[in-house]
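First up is the structure itself, then whatever we jot down about it.
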Amino acid sequence: MCHAFLEDSRFYQFLFQIDQEIVGDVRLKGCAHCGGRLHFARYPRKPRGMRCARDGTYETRLSFCCANEGCRRRCTPPPVRFLGRKVYLGTIVILVMAMEHGLSPKRRKRLIDQLDLYPQTLSRWRQWWRKIFPVSRCWRTHKGHFIPPVDISQLPGALLGRLQGKDLAHRVCLLLRLLMPITTSSWSGSLKVVIDPQKM
């Protein structure tokens with residue numbers, strides 16, 4: 001099931017559309033520091049772990065630069081496609097770590113080979129989910145919504161299982177939305193991102 005999910009190009013296109021809507025909203029508001037117009041200042045990304053999003057839409061991170069000469073500050077809206085500076089797509093980081101508890105050694109090796117993952121990468125992701133994410137402001141803001149509390153040692157699978165979505169794709173989208181505040185440091189604001197499963 002997860003292998004088919006990772007190969008679904010429509011899902012990756014849907015995430016790109018969400019990011020475009022976010023970027024449109026941020027651009028309309030202008031620079032958060034001086035109110036100036038925002039110009040596109042995309043920068044390249046070389047994401048790994050994707051099989052279907054090879055049309056160029058995932059090769060840039062959508063970003064802005066203030067047009068005012070005295071400001072010129074960068075503004076990078078929070079995306080749902082990328083988890084900050086992580087090289088792998090957010091979807092991959094979530095699904096691989098959520099699947100980790102239920103994988104046999106043979107299936108684990110096949111997944112590592114398929115996505116060209118290093119064991120050290122998995123170890124870093126595990127560390128991030130168990131030690132960095134639980135103390136983040138993002139999680140401290142949201143954890144009170146889950147009763148009983150989410151088991152930190154089972155992240156992200158335990159959290160993915162608690163989100164209300166019609167299917168795995170919808171729940172992954174909701175988790176990516178929840179993680180948006182930690183994906184950028186050059187933008188501070190609030191967005192109301194609606195994930196409509198009918199559009200997937």
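Starting from 1 in every chain, residues are counted up; chains themselves are A, B, ... following the order of the structure tokens, and ligands are numbered from 1 as listed.
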- Query: segment 55-68 of chain A: which residues within 7 Å, counting only C-alpha atoms, same-chain residues fewer than 5 positions away excluded, as a list in words?
  - Reply: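 Counting only the stated atoms, we get Cys31, Gly36, Arg37, Leu38, His39, Phe40, Ala41, Arg42, Tyr43, Pro44, Arg45, Lys46, Arg73, Arg74, Cys75, Thr76 and Pro77 of chain A.
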Serialized selection, N, CA and C atoms, as a tab-separated table (two decimals), in the first residue's frame:
chain	number	residue	atom	x	y	z
A	31	CYS	N	5.68	42.19	2.39
A	31	CYS	CA	6.78	41.95	3.34
A	31	CYS	C	6.29	42.16	4.77
A	36	GLY	N	6.51	46.08	1.99
A	36	GLY	CA	6.85	46.22	0.57
A	36	GLY	C	6.38	45.04	-0.27
A	37	ARG	N	6.46	45.23	-1.60
A	37	ARG	CA	6.10	44.16	-2.52
A	37	ARG	C	7.12	43.04	-2.44
A	38	LEU	N	6.65	41.83	-2.67
A	38	LEU	CA	7.53	40.67	-2.66
A	38	LEU	C	7.77	40.20	-4.09
A	39	HIS	N	9.05	40.00	-4.41
A	39	HIS	CA	9.43	39.45	-5.71
A	39	HIS	C	9.82	38.00	-5.53
A	40	PHE	N	9.53	37.20	-6.56
A	40	PHE	CA	9.93	35.79	-6.51
A	40	PHE	C	11.45	35.67	-6.44
A	41	ALA	N	11.93	34.84	-5.56
A	41	ALA	CA	13.37	34.57	-5.42
A	41	ALA	C	13.52	33.08	-5.08
A	42	ARG	N	13.02	32.25	-5.99
A	42	ARG	CA	13.08	30.80	-5.77
A	42	ARG	C	14.54	30.36	-5.65
A	43	TYR	N	14.75	29.29	-4.93
A	43	TYR	CA	16.09	28.72	-4.92
A	43	TYR	C	16.00	27.22	-5.16
A	44	PRO	N	17.07	26.68	-5.74
A	44	PRO	CA	17.01	25.27	-6.18
A	44	PRO	C	17.01	24.29	-5.02
A	45	ARG	N	16.32	23.19	-5.24
A	45	ARG	CA	16.33	22.05	-4.33
A	45	ARG	C	16.59	20.81	-5.17
A	46	LYS	N	17.26	19.85	-4.59
A	46	LYS	CA	17.46	18.56	-5.25
A	46	LYS	C	16.92	17.48	-4.33
A	73	ARG	N	14.64	41.78	2.57
A	73	ARG	CA	14.65	40.55	3.38
A	73	ARG	C	13.99	39.40	2.63
A	74	ARG	N	14.52	38.21	2.88
A	74	ARG	CA	13.94	37.02	2.27
A	74	ARG	C	12.72	36.58	3.07
A	75	CYS	N	11.76	36.07	2.34
A	75	CYS	CA	10.53	35.54	2.94
A	75	CYS	C	10.25	34.20	2.28
A	76	THR	N	10.42	33.13	3.03
A	76	THR	CA	10.17	31.79	2.50
A	76	THR	C	8.94	31.20	3.20
A	77	PRO	N	7.82	31.18	2.50
A	77	PRO	CA	6.59	30.64	3.11
A	77	PRO	C	6.76	29.17	3.50
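Separating atom CA of Cys173 of chain A from atom CA of Arg107 of chain A is a distance of 24.7 Å.
Those residues that approach segment 156-160 of chain A to within 7 Å, counting only C-alpha atoms, are Ile94, Met97, Ala98, Trp129, Val150, Asp151, Arg171, Val172 and Leu175 of chain A; same-chain residues fewer than 4 positions away are not listed.
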ask   = Of the candidates A:Phe146, A:Cys71, A:Gln154, A:Lys109, which one gets nearest to Arg126 of chain A if we count only C-alpha atoms?
value =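 Looking at the shortest contact to Arg126 of chain A, the residue is A:Gln154.
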From the list A:Lys29, A:Pro119, A:Lys106, A:Phe133, the nearest residue to Leu83 of chain A using only C-alpha atoms is A:Phe133
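Distance-wise, atom CA of Phe11 of chain A and atom CA of Ala169 of chain A end up 7.5 Å apart.
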